[in-house]
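K.L.:
Okay, so here is input_9.cif, and as you'll see once you scroll down, it has mmCIF, C-alpha atoms and all ligand atoms.
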```cif
data_work
loop_
_atom_site.group_PDB
_atom_site.id
_atom_site.type_symbol
_atom_site.label_atom_id
_atom_site.label_comp_id
_atom_site.auth_asym_id
_atom_site.auth_seq_id
_atom_site.Cartn_x
_atom_site.Cartn_y
_atom_site.Cartn_z
ATOM 1 C CA MET A 276 0.000 0.000 0.000
ATOM 2 C CA SER A 277 2.767 2.417 0.922
ATOM 3 C CA GLY A 278 4.782 1.760 -2.231
ATOM 4 C CA ILE A 279 6.879 4.531 -3.742
ATOM 5 C CA GLY A 280 4.831 6.656 -6.100
ATOM 6 C CA VAL A 281 1.364 6.047 -4.685
ATOM 7 C CA LEU A 282 1.098 9.826 -4.110
ATOM 8 C CA SER A 283 3.060 10.839 -7.211
ATOM 9 C CA GLY A 284 2.140 14.261 -8.530
ATOM 10 C CA GLN A 285 0.203 15.244 -5.403
ATOM 11 C CA ILE A 286 0.847 18.426 -3.434
ATOM 12 C CA ALA A 287 0.652 18.064 0.359
ATOM 13 C CA MET A 288 0.752 20.660 3.135
ATOM 14 C CA VAL A 289 1.837 19.445 6.577
ATOM 15 C CA THR A 290 1.640 21.814 9.564
ATOM 16 C CA GLY A 291 3.994 21.461 12.511
ATOM 17 C CA ALA A 292 6.308 19.604 10.135
ATOM 18 C CA GLY A 293 9.501 21.059 11.584
ATOM 19 C CA SER A 294 9.811 18.268 14.150
ATOM 20 C CA GLY A 295 8.425 15.051 15.599
ATOM 21 C CA ILE A 296 5.316 13.501 14.079
ATOM 22 C CA GLY A 297 4.930 16.246 11.450
ATOM 23 C CA GLU A 298 8.464 15.677 10.201
ATOM 24 C CA ALA A 299 7.756 11.943 9.942
ATOM 25 C CA ILE A 300 4.491 12.609 8.054
ATOM 26 C CA ALA A 301 6.266 14.953 5.616
ATOM 27 C CA THR A 302 8.981 12.333 5.100
ATOM 28 C CA ALA A 303 6.466 9.528 4.516
ATOM 29 C CA LEU A 304 4.408 11.573 2.041
ATOM 30 C CA ALA A 305 7.533 12.658 0.156
ATOM 31 C CA GLY A 306 8.680 9.028 0.122
ATOM 32 C CA ALA A 307 5.402 8.125 -1.584
ATOM 33 C CA GLY A 308 6.010 10.700 -4.299
ATOM 34 C CA ALA A 309 4.127 13.761 -3.009
ATOM 35 C CA ARG A 310 5.661 17.224 -3.166
ATOM 36 C CA VAL A 311 5.415 18.458 0.417
ATOM 37 C CA ALA A 312 4.977 21.978 1.752
ATOM 38 C CA VAL A 313 6.775 21.680 5.083
ATOM 39 C CA THR A 314 5.139 24.313 7.285
ATOM 40 C CA ASP A 315 5.832 25.362 10.838
ATOM 41 C CA ILE A 316 5.792 28.404 13.101
ATOM 42 C CA ASP A 317 9.547 27.780 13.282
ATOM 43 C CA LEU A 318 10.670 28.455 9.696
ATOM 44 C CA GLY A 319 14.232 27.332 10.474
ATOM 45 C CA ALA A 320 12.955 23.905 11.539
ATOM 46 C CA ALA A 321 10.713 23.688 8.463
ATOM 47 C CA THR A 322 13.659 24.572 6.235
ATOM 48 C CA ARG A 323 15.873 21.954 7.852
ATOM 49 C CA VAL A 324 13.250 19.253 7.162
ATOM 50 C CA ALA A 325 12.385 20.452 3.642
ATOM 51 C CA ASP A 326 16.069 20.394 2.711
ATOM 52 C CA THR A 327 16.101 16.622 3.334
ATOM 53 C CA LEU A 328 13.077 15.832 1.117
ATOM 54 C CA PRO A 329 12.949 15.704 -2.693
ATOM 55 C CA GLY A 330 10.571 18.310 -4.140
ATOM 56 C CA ALA A 331 9.705 19.771 -0.727
ATOM 57 C CA MET A 332 9.559 23.484 0.133
ATOM 58 C CA PRO A 333 9.467 25.198 3.553
ATOM 59 C CA PHE A 334 6.832 27.781 4.524
ATOM 60 C CA HIS A 335 6.062 29.736 7.678
ATOM 61 C CA VAL A 336 2.619 29.360 9.227
ATOM 62 C CA ASP A 337 1.126 30.290 12.559
ATOM 63 C CA VAL A 338 -2.020 28.178 12.580
ATOM 64 C CA THR A 339 -3.572 30.282 15.349
ATOM 65 C CA THR A 340 -4.308 33.190 13.001
ATOM 66 C CA ALA A 341 -6.615 33.214 9.987
ATOM 67 C CA GLN A 342 -4.346 35.629 8.112
ATOM 68 C CA SER A 343 -1.235 33.486 8.498
ATOM 69 C CA SER A 344 -3.189 30.347 7.572
ATOM 70 C CA ARG A 345 -4.581 31.991 4.417
ATOM 71 C CA ASP A 346 -1.186 33.497 3.502
ATOM 72 C CA ALA A 347 0.526 30.124 3.870
ATOM 73 C CA VAL A 348 -2.011 28.291 1.690
ATOM 74 C CA ALA A 349 -1.817 31.051 -0.952
ATOM 75 C CA ALA A 350 2.010 31.001 -0.960
ATOM 76 C CA ILE A 351 2.084 27.201 -1.244
ATOM 77 C CA GLU A 352 -0.438 27.077 -4.075
ATOM 78 C CA ALA A 353 1.383 29.873 -5.946
ATOM 79 C CA ALA A 354 4.737 28.115 -5.615
ATOM 80 C CA MET A 355 3.769 24.449 -5.844
ATOM 81 C CA GLY A 356 0.250 24.169 -7.271
ATOM 82 C CA PRO A 357 -3.201 23.286 -5.901
ATOM 83 C CA LEU A 358 -3.286 21.327 -2.666
ATOM 84 C CA ASP A 359 -4.408 17.704 -2.816
ATOM 85 C CA ILE A 360 -3.550 16.822 0.780
ATOM 86 C CA LEU A 361 -3.643 18.782 4.048
ATOM 87 C CA CYS A 362 -2.254 17.343 7.280
ATOM 88 C CA ASN A 363 -3.216 19.503 10.256
ATOM 89 C CA ASN A 364 -0.574 18.246 12.645
ATOM 90 C CA ALA A 365 0.706 21.307 14.559
ATOM 91 C CA GLY A 366 -0.018 20.921 18.253
ATOM 92 C CA VAL A 367 1.068 22.022 21.698
ATOM 93 C CA SER A 368 0.580 20.895 25.270
ATOM 94 C CA THR A 369 1.051 22.114 28.806
ATOM 95 C CA MET A 370 0.453 20.097 31.982
ATOM 96 C CA ARG A 371 -1.348 21.160 35.134
ATOM 97 C CA ARG A 372 -3.934 19.928 37.605
ATOM 98 C CA ILE A 373 -7.373 21.351 36.850
ATOM 99 C CA VAL A 374 -7.396 23.370 40.072
ATOM 100 C CA ASP A 375 -4.206 25.111 38.919
ATOM 101 C CA LEU A 376 -5.112 25.402 35.255
ATOM 102 C CA THR A 377 -4.935 28.943 33.863
ATOM 103 C CA GLU A 378 -6.931 30.589 31.095
ATOM 104 C CA ARG A 379 -3.618 30.939 29.335
ATOM 105 C CA ASP A 380 -3.109 27.133 29.366
ATOM 106 C CA TRP A 381 -6.638 26.625 28.082
ATOM 107 C CA ASP A 382 -6.380 29.244 25.314
ATOM 108 C CA PHE A 383 -2.879 28.201 24.207
ATOM 109 C CA ASN A 384 -3.928 24.553 23.801
ATOM 110 C CA PHE A 385 -7.250 25.383 22.135
ATOM 111 C CA ASP A 386 -5.771 28.040 19.833
ATOM 112 C CA VAL A 387 -3.316 25.605 18.259
ATOM 113 C CA ASN A 388 -4.962 22.187 18.667
ATOM 114 C CA ALA A 389 -8.564 23.115 17.866
ATOM 115 C CA LYS A 390 -8.801 26.591 16.296
ATOM 116 C CA GLY A 391 -5.660 25.979 14.245
ATOM 117 C CA VAL A 392 -7.191 22.901 12.632
ATOM 118 C CA PHE A 393 -10.300 24.919 11.751
ATOM 119 C CA LEU A 394 -8.371 27.919 10.362
ATOM 120 C CA VAL A 395 -6.020 26.003 8.070
ATOM 121 C CA THR A 396 -8.846 23.759 6.891
ATOM 122 C CA GLN A 397 -10.973 26.812 6.118
ATOM 123 C CA ALA A 398 -8.080 28.336 4.159
ATOM 124 C CA ALA A 399 -7.384 25.183 2.129
ATOM 125 C CA VAL A 400 -10.804 23.699 1.534
ATOM 126 C CA PRO A 401 -12.396 26.171 -0.929
ATOM 127 C CA GLY A 402 -9.901 25.110 -3.625
ATOM 128 C CA MET A 403 -10.531 21.438 -2.835
ATOM 129 C CA ILE A 404 -14.292 22.014 -3.097
ATOM 130 C CA GLN A 405 -13.816 23.724 -6.451
ATOM 131 C CA ARG A 406 -11.689 20.832 -7.710
ATOM 132 C CA ARG A 407 -14.047 18.299 -6.087
ATOM 133 C CA THR A 408 -11.199 16.317 -4.579
ATOM 134 C CA GLY A 409 -9.009 16.441 -1.504
ATOM 135 C CA CYS A 410 -7.786 14.605 1.539
ATOM 136 C CA ILE A 411 -7.407 16.047 5.026
ATOM 137 C CA VAL A 412 -5.787 14.190 7.925
ATOM 138 C CA ASN A 413 -5.677 15.778 11.379
ATOM 139 C CA THR A 414 -3.375 14.685 14.182
ATOM 140 C CA ALA A 415 -5.689 14.333 17.185
ATOM 141 C CA SER A 416 -4.642 12.118 20.118
ATOM 142 C CA MET A 417 -5.810 9.234 22.260
ATOM 143 C CA ALA A 418 -6.475 12.124 24.680
ATOM 144 C CA GLY A 419 -9.300 13.019 22.287
ATOM 145 C CA LYS A 420 -11.185 9.869 23.280
ATOM 146 C CA ILE A 421 -10.500 9.473 27.007
ATOM 147 C CA GLY A 422 -10.057 11.726 30.040
ATOM 148 C CA VAL A 423 -6.449 12.442 30.985
ATOM 149 C CA PRO A 424 -5.326 13.743 34.392
ATOM 150 C CA LEU A 425 -3.006 16.795 34.175
ATOM 151 C CA LEU A 426 -4.036 17.245 30.530
ATOM 152 C CA ALA A 427 -7.760 18.120 30.811
ATOM 153 C CA HIS A 428 -7.399 21.224 28.633
ATOM 154 C CA TYR A 429 -5.288 19.358 26.060
ATOM 155 C CA ALA A 430 -7.752 16.440 26.058
ATOM 156 C CA ALA A 431 -10.677 18.834 25.584
ATOM 157 C CA SER A 432 -8.898 20.465 22.621
ATOM 158 C CA LYS A 433 -8.320 17.043 21.021
ATOM 159 C CA TRP A 434 -11.965 16.000 21.572
ATOM 160 C CA ALA A 435 -12.753 19.235 19.691
ATOM 161 C CA CYS A 436 -10.383 18.199 16.912
ATOM 162 C CA ILE A 437 -12.159 14.854 16.520
ATOM 163 C CA GLY A 438 -15.587 16.523 16.536
ATOM 164 C CA PHE A 439 -14.430 18.979 13.889
ATOM 165 C CA THR A 440 -12.947 16.154 11.795
ATOM 166 C CA LYS A 441 -16.219 14.218 11.765
ATOM 167 C CA SER A 442 -18.244 17.346 10.980
ATOM 168 C CA CYS A 443 -15.911 18.194 8.072
ATOM 169 C CA ALA A 444 -16.279 14.639 6.773
ATOM 170 C CA ARG A 445 -20.044 15.042 6.693
ATOM 171 C CA GLU A 446 -19.993 18.533 5.173
ATOM 172 C CA PHE A 447 -17.315 17.918 2.521
ATOM 173 C CA GLY A 448 -18.192 14.355 1.487
ATOM 174 C CA GLU A 449 -20.385 15.511 -1.378
ATOM 175 C CA PHE A 450 -17.344 17.259 -2.882
ATOM 176 C CA GLY A 451 -15.221 14.100 -2.839
ATOM 177 C CA ILE A 452 -13.113 15.362 0.057
ATOM 178 C CA ARG A 453 -12.188 12.813 2.727
ATOM 179 C CA VAL A 454 -11.417 14.015 6.268
ATOM 180 C CA ASN A 455 -9.951 11.724 8.927
ATOM 181 C CA CYS A 456 -7.772 11.937 12.007
ATOM 182 C CA VAL A 457 -5.199 9.792 13.749
ATOM 183 C CA CYS A 458 -5.092 9.400 17.511
ATOM 184 C CA PRO A 459 -1.522 8.653 18.645
ATOM 185 C CA GLY A 460 -0.538 7.430 22.124
ATOM 186 C CA TYR A 461 2.829 7.947 23.827
ATOM 187 C CA VAL A 462 5.077 9.128 21.003
ATOM 188 C CA ARG A 463 8.778 9.874 21.425
ATOM 189 C CA THR A 464 9.058 13.538 20.361
ATOM 190 C CA SER A 465 10.117 16.835 21.893
ATOM 191 C CA MET A 466 6.533 17.212 23.153
ATOM 192 C CA GLN A 467 6.940 13.978 25.101
ATOM 193 C CA THR A 468 10.320 15.085 26.475
ATOM 194 C CA ARG A 469 8.660 18.216 27.898
ATOM 195 C CA GLU A 470 5.675 16.263 29.236
ATOM 196 C CA LEU A 471 7.891 13.675 30.956
ATOM 197 C CA GLU A 472 9.665 16.442 32.841
ATOM 198 C CA TRP A 473 6.387 18.131 33.880
ATOM 199 C CA GLU A 474 4.612 14.887 34.823
ATOM 200 C CA ALA A 475 7.532 13.581 36.850
ATOM 201 C CA SER A 476 7.676 16.828 38.780
ATOM 202 C CA LEU A 477 3.885 17.107 39.305
ATOM 203 C CA ARG A 478 3.577 13.481 40.479
ATOM 204 C CA GLY A 479 6.810 13.293 42.489
ATOM 205 C CA MET A 480 8.245 10.537 40.302
ATOM 206 C CA THR A 481 11.357 10.157 38.186
ATOM 207 C CA GLN A 482 11.093 10.497 34.406
ATOM 208 C CA GLU A 483 12.185 6.856 34.134
ATOM 209 C CA GLU A 484 9.256 5.800 36.349
ATOM 210 C CA VAL A 485 6.793 7.800 34.238
ATOM 211 C CA THR A 486 8.238 6.298 31.052
ATOM 212 C CA ALA A 487 7.931 2.790 32.504
ATOM 213 C CA GLU A 488 4.280 3.550 33.322
ATOM 214 C CA TYR A 489 3.607 4.664 29.729
ATOM 215 C CA ILE A 490 5.135 1.421 28.440
ATOM 216 C CA SER A 491 3.288 -0.747 30.962
ATOM 217 C CA GLN A 492 -0.001 0.832 29.769
ATOM 218 C CA THR A 493 0.859 -0.105 26.177
ATOM 219 C CA PRO A 494 0.026 -3.728 25.274
ATOM 220 C CA LEU A 495 2.502 -3.676 22.388
ATOM 221 C CA GLY A 496 5.168 -2.979 25.002
ATOM 222 C CA ARG A 497 7.136 0.033 23.795
ATOM 223 C CA LEU A 498 6.882 3.775 23.254
ATOM 224 C CA GLU A 499 5.480 4.823 19.896
ATOM 225 C CA THR A 500 7.665 6.342 17.170
ATOM 226 C CA PRO A 501 6.679 9.247 14.904
ATOM 227 C CA GLU A 502 6.978 6.801 11.999
ATOM 228 C CA ASP A 503 4.283 4.555 13.557
ATOM 229 C CA VAL A 504 1.892 7.492 13.169
ATOM 230 C CA ALA A 505 3.181 8.640 9.769
ATOM 231 C CA LYS A 506 2.576 5.226 8.180
ATOM 232 C CA VAL A 507 -1.117 5.410 9.080
ATOM 233 C CA VAL A 508 -1.407 9.013 7.858
ATOM 234 C CA MET A 509 0.233 7.933 4.626
ATOM 235 C CA TRP A 510 -2.314 5.108 4.253
ATOM 236 C CA LEU A 511 -5.199 7.520 4.916
ATOM 237 C CA CYS A 512 -3.878 9.710 2.069
ATOM 238 C CA SER A 513 -3.547 6.771 -0.314
ATOM 239 C CA PRO A 514 -6.145 5.294 -2.696
ATOM 240 C CA GLY A 515 -6.425 2.279 -0.372
ATOM 241 C CA ALA A 516 -8.342 4.495 2.066
ATOM 242 C CA GLY A 517 -10.520 5.885 -0.722
ATOM 243 C CA PHE A 518 -13.791 5.053 1.069
ATOM 244 C CA VAL A 519 -12.602 6.029 4.580
ATOM 245 C CA THR A 520 -13.855 9.335 5.945
ATOM 246 C CA GLY A 521 -14.736 10.660 9.395
ATOM 247 C CA ALA A 522 -12.535 8.056 11.071
ATOM 248 C CA ALA A 523 -10.539 8.735 14.225
ATOM 249 C CA ILE A 524 -7.987 5.944 14.045
ATOM 250 C CA ASP A 525 -6.161 4.814 17.192
ATOM 251 C CA VAL A 526 -2.419 4.476 16.644
ATOM 252 C CA THR A 527 -1.500 3.769 20.243
ATOM 253 C CA GLY A 528 -0.120 0.246 20.524
ATOM 254 C CA GLY A 529 -3.268 -0.322 22.590
ATOM 255 C CA ALA A 530 -2.448 2.293 25.251
ATOM 256 C CA ASN A 531 -6.015 3.563 25.476
ATOM 257 C CA LEU A 532 -7.886 0.235 25.630
HETATM 258 N N1 LIG B 1 4.058 13.219 21.239
HETATM 259 C C1 LIG B 1 2.967 12.589 21.623
HETATM 260 O O1 LIG B 1 3.000 11.722 22.502
HETATM 261 C C2 LIG B 1 1.650 12.893 20.961
HETATM 262 C C3 LIG B 1 0.575 12.040 21.251
HETATM 263 C C4 LIG B 1 -0.646 12.262 20.649
HETATM 264 C C5 LIG B 1 -0.803 13.347 19.787
HETATM 265 N N2 LIG B 1 0.254 14.173 19.531
HETATM 266 C C6 LIG B 1 0.026 15.284 18.615
HETATM 267 O O2 LIG B 1 0.910 15.160 17.512
HETATM 268 C C7 LIG B 1 1.136 16.450 16.939
HETATM 269 C C8 LIG B 1 2.628 16.662 16.757
HETATM 270 O O3 LIG B 1 3.230 16.686 18.047
HETATM 271 P P1 LIG B 1 4.744 16.227 18.322
HETATM 272 O O4 LIG B 1 4.706 15.242 19.417
HETATM 273 O O5 LIG B 1 5.416 15.901 17.046
HETATM 274 O O6 LIG B 1 5.283 17.604 18.951
HETATM 275 P P2 LIG B 1 6.505 18.549 18.553
HETATM 276 O O7 LIG B 1 6.531 19.588 19.636
HETATM 277 O O8 LIG B 1 7.711 17.757 18.272
HETATM 278 O O9 LIG B 1 6.039 19.204 17.176
HETATM 279 C C9 LIG B 1 5.013 20.161 17.089
HETATM 280 C C10 LIG B 1 5.359 21.133 15.981
HETATM 281 O O10 LIG B 1 4.283 22.072 15.859
HETATM 282 C C11 LIG B 1 4.836 23.362 15.679
HETATM 283 N N3 LIG B 1 3.878 24.397 16.105
HETATM 284 C C12 LIG B 1 3.530 24.723 17.380
HETATM 285 N N4 LIG B 1 2.680 25.762 17.370
HETATM 286 C C13 LIG B 1 2.462 26.084 16.073
HETATM 287 C C14 LIG B 1 1.678 27.067 15.415
HETATM 288 N N5 LIG B 1 0.941 27.960 16.118
HETATM 289 N N6 LIG B 1 1.669 27.108 14.072
HETATM 290 C C15 LIG B 1 2.416 26.248 13.348
HETATM 291 N N7 LIG B 1 3.210 25.299 13.911
HETATM 292 C C16 LIG B 1 3.223 25.217 15.261
HETATM 293 C C17 LIG B 1 6.096 23.350 16.526
HETATM 294 O O11 LIG B 1 7.003 24.391 16.137
HETATM 295 C C18 LIG B 1 6.630 21.947 16.278
HETATM 296 O O12 LIG B 1 7.515 21.890 15.182
HETATM 297 C C19 LIG B 1 0.455 17.447 17.866
HETATM 298 O O13 LIG B 1 -0.806 17.794 17.347
HETATM 299 C C20 LIG B 1 0.301 16.658 19.157
HETATM 300 O O14 LIG B 1 -0.743 17.148 19.957
HETATM 301 C C21 LIG B 1 1.478 13.969 20.089
#
```
What's the structure tokens form of this structure?
Ligand SMILES: NC(=O)c1ccc[n+]([C@@H]2O[C@H](COP(=O)([O-])OP(=O)(O)OC[C@H]3O[C@@H](n4cnc5c(N)ncnc54)[C@H](O)[C@@H]3O)[C@@H](O)[C@H]2O)c1
P.N.:
Amino acid sequence: MSGIGVLSGQIAMVTGAGSGIGEAIATALAGAGARVAVTDIDLGAATRVADTLPGAMPFHVDVTTAQSSRDAVAAIEAAMGPLDILCNNAGVSTMRRIVDLTERDWDFNFDVNAKGVFLVTQAAVPGMIQRRTGCIVNTASMAGKIGVPLLAHYAASKWACIGFTKSCAREFGEFGIRVNCVCPGYVRTSMQTRELEWEASLRGMTQEEVTAEYISQTPLGRLETPEDVAKVVMWLCSPGAGFVTGAAIDVTGGANL
């Protein structure tokens, strides 16, 4: 299914592609023949990733503003051509008990993880509607299906992402646009490095103990890699998933069962 060339000739925009899961998604899509717009709020990181991928180009985007989202889509389409694929992957987290949670935590998580998905989708979808084709894959989280202590605001923002994904699937289906999301578990990225430090400190544990807990909660017995997620995103973008829309696919090694 993930053979070289399955996405040949397609133009894909990946947000938050300067590191972690987004970088792996950009790499997987480029490996399947797509030309990838590697976008991130950190243009240096996007450039570093784009430089490693054939046909890729880096672009700045801050997904929390409509203007930046529209500007990025316009710049990509002017430079590379009409978008076939959009991966809304940019995301952030902070960790706090609900009693200590600030409005700033809430807004920061919602602005990127929920509003950002809406804004970039809204910027990209009119062209897809006009062309009557398109594929959108959002990076939600297993925290979008369960409650998570210390991450209530993050979990709420990911539940929003899943709700938005399913609503898009219903609204855009008649235009031949598929919209799905992936729900990763405990993935080794810089986000996880930050979370391990916060969780260990908030729970009075060592980072090694927290890591061991993550692994013990995962039936497949290891932490997840960004590539584990990217392979599923790649499949969702491929013709093999041509009748899949509105799905929120667990890619967790079983961590949320
Ligand atoms: N790491 C995990 O365990 C895990 C688990 C489930 C879901 N996720 C989700 O996966 C996605 C990728 O996370 P990651 O683990 O690779 O984290 P990461 O911190 O490595 O990467 C996130 C990227 O998003 C970019 N970004 C942040 N704010 C942005 C903005 N306003 N506009 C554009 N780009 C912005 C960052 O610069 C960074 O490059 C996120 O949506 C995250 O919530 C991660």
K.L.:
Taking 4 positions as the minimum chain separation for residues in the same chain, which residues sit within 8 Å of segment 410-423 of chain A when counting only C-alpha atoms? Answer as a PyMOL selection string.
P.N.:
chain A and resi 359-365+392+427+429-437+440+452-460+508+511-512+523+525+527+531
K.L.:
Restricting the calculation to all atoms listed in the file, which member of A:Asp386, A:Asp375, A:Glu484, A:Asp503 is positioned closest to ligand LIG 1 (chain B)?
P.N.:
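Residue with the minimum atom-to-atom distance to ligand LIG 1 (chain B): A:Asp386.
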K.L.:
Translate the PyMOL selection byres (((chain A and resi 318) around 12) and not hetatm), as applied to the file shown, into an explicit residue set as an mmCIF file with C-alpha atoms, in the frame of the given file.
P.N.:
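Below is the file result.cif, written as the result:
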```cif
data_model
loop_
_atom_site.group_PDB
_atom_site.id
_atom_site.type_symbol
_atom_site.label_atom_id
_atom_site.label_comp_id
_atom_site.auth_asym_id
_atom_site.auth_seq_id
_atom_site.Cartn_x
_atom_site.Cartn_y
_atom_site.Cartn_z
ATOM 1 C CA THR A 290 1.640 21.814 9.564
ATOM 2 C CA GLY A 291 3.994 21.461 12.511
ATOM 3 C CA ALA A 292 6.308 19.604 10.135
ATOM 4 C CA GLY A 293 9.501 21.059 11.584
ATOM 5 C CA SER A 294 9.811 18.268 14.150
ATOM 6 C CA ALA A 312 4.977 21.978 1.752
ATOM 7 C CA VAL A 313 6.775 21.680 5.083
ATOM 8 C CA THR A 314 5.139 24.313 7.285
ATOM 9 C CA ASP A 315 5.832 25.362 10.838
ATOM 10 C CA ILE A 316 5.792 28.404 13.101
ATOM 11 C CA ASP A 317 9.547 27.780 13.282
ATOM 12 C CA GLY A 319 14.232 27.332 10.474
ATOM 13 C CA ALA A 320 12.955 23.905 11.539
ATOM 14 C CA ALA A 321 10.713 23.688 8.463
ATOM 15 C CA THR A 322 13.659 24.572 6.235
ATOM 16 C CA ARG A 323 15.873 21.954 7.852
ATOM 17 C CA VAL A 324 13.250 19.253 7.162
ATOM 18 C CA ALA A 325 12.385 20.452 3.642
ATOM 19 C CA ASP A 326 16.069 20.394 2.711
ATOM 20 C CA MET A 332 9.559 23.484 0.133
ATOM 21 C CA PRO A 333 9.467 25.198 3.553
ATOM 22 C CA PHE A 334 6.832 27.781 4.524
ATOM 23 C CA HIS A 335 6.062 29.736 7.678
ATOM 24 C CA VAL A 336 2.619 29.360 9.227
ATOM 25 C CA ASP A 337 1.126 30.290 12.559
ATOM 26 C CA ALA A 347 0.526 30.124 3.870
#
```
K.L.:
So how many Å separate atom CA of Gln285 of chain A and atom CA of Ala299 of chain A, to one decimal?
P.N.:
17.4 Å
K.L.:
So what does the PyMOL selection byres (((chain A and resi 370) around 7) and not hetatm) actually pick up in this one, as a ChimeraX atom specification?
P.N.:
/A:368-369,371,425-426,473
K.L.:
With all atoms listed in the file as the atoms that count, which of A:Gly280, A:Pro494, A:Gly297, A:Gly330 lies nearest to ligand LIG 1 (chain B)?
P.N.:
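Of all the options, A:Gly297 lies closest to ligand LIG 1 (chain B).
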K.L.:
Selected by the PyMOL selection byres (((chain A and resi 493) around 8) and not hetatm) in the shown coordinates: which residues, as a PyMOL selection string?
P.N.:
chain A and resi 489-492+494-498+527-531
K.L.:
Rank nothing, just name the residue among A:Pro501, A:Gly448, A:Gly515, A:Gly402 nearest to ligand LIG 1 (chain B), using all atoms listed in the file.
P.N.:
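Of all the options, A:Pro501 lies closest to ligand LIG 1 (chain B).
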K.L.:
Which distance in Å separates atom CA of Thr464 of chain A and atom CA of Ala398 of chain A, to one decimal?
P.N.:
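A separation of 27.8 Å between them.
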K.L.:
Just the number, please: distance in Å from atom CA of Glu483 of chain A to atom O7 of ligand LIG 1 (chain B), one decimal.
P.N.:
20.1 Å
K.L.:
Fewer than 6 positions away in the same chain doesn't count, so skip those; otherwise give me all residues within 9 Å of Thr339 of chain A, counting all atoms listed in the file, as a list in words.
P.N.:
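Neighbouring residues, sequence-local ones excluded: Asp386, Val387, Asn388, Lys390, Gly391, Val392, Leu394 and Val395 of chain A.
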K.L.:
Could you give me the centre and size, in Å to one decimal, of an axis-aligned box around all listed atoms of ligand LIG 1 (chain B) with 5 Å added on every side, as AutoDock Vina command-line options?
P.N.:
```
--center_x 3.5 --center_y 19.8 --center_z 17.9 --size_x 18.5 --size_y 26.2 --size_z 19.2
```
K.L.:
Using all atoms listed in the file, list the residues that have an atom at most 9 Å from (-21.3, 18.2, -6.4), coordinates as in the file, as a PyMOL selection string.
P.N.:
chain A and resi 404+407+449-451
K.L.:
Which residue out of A:Ser476, A:Gln405, A:Thr486, A:Thr520 has the minimum interatomic distance to ligand LIG 1 (chain B) when all atoms listed in the file are used?
P.N.:
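Once distances to ligand LIG 1 (chain B) are computed over all atoms listed in the file, the minimum belongs to A:Thr486.
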K.L.:
Using all atoms listed in the file, can you tell me which of A:Met466, A:Ala389, A:Val504, A:Ala301 comes closest to Phe439 of chain A?
P.N.:
A:Ala389
K.L.:
I'd like to know which of A:Glu499, A:Asp346, A:Glu472, A:Glu378 is closest to ligand LIG 1 (chain B), using all atoms listed in the file.
P.N.:
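The shortest atom-to-atom distance to ligand LIG 1 (chain B) comes from A:Glu499.
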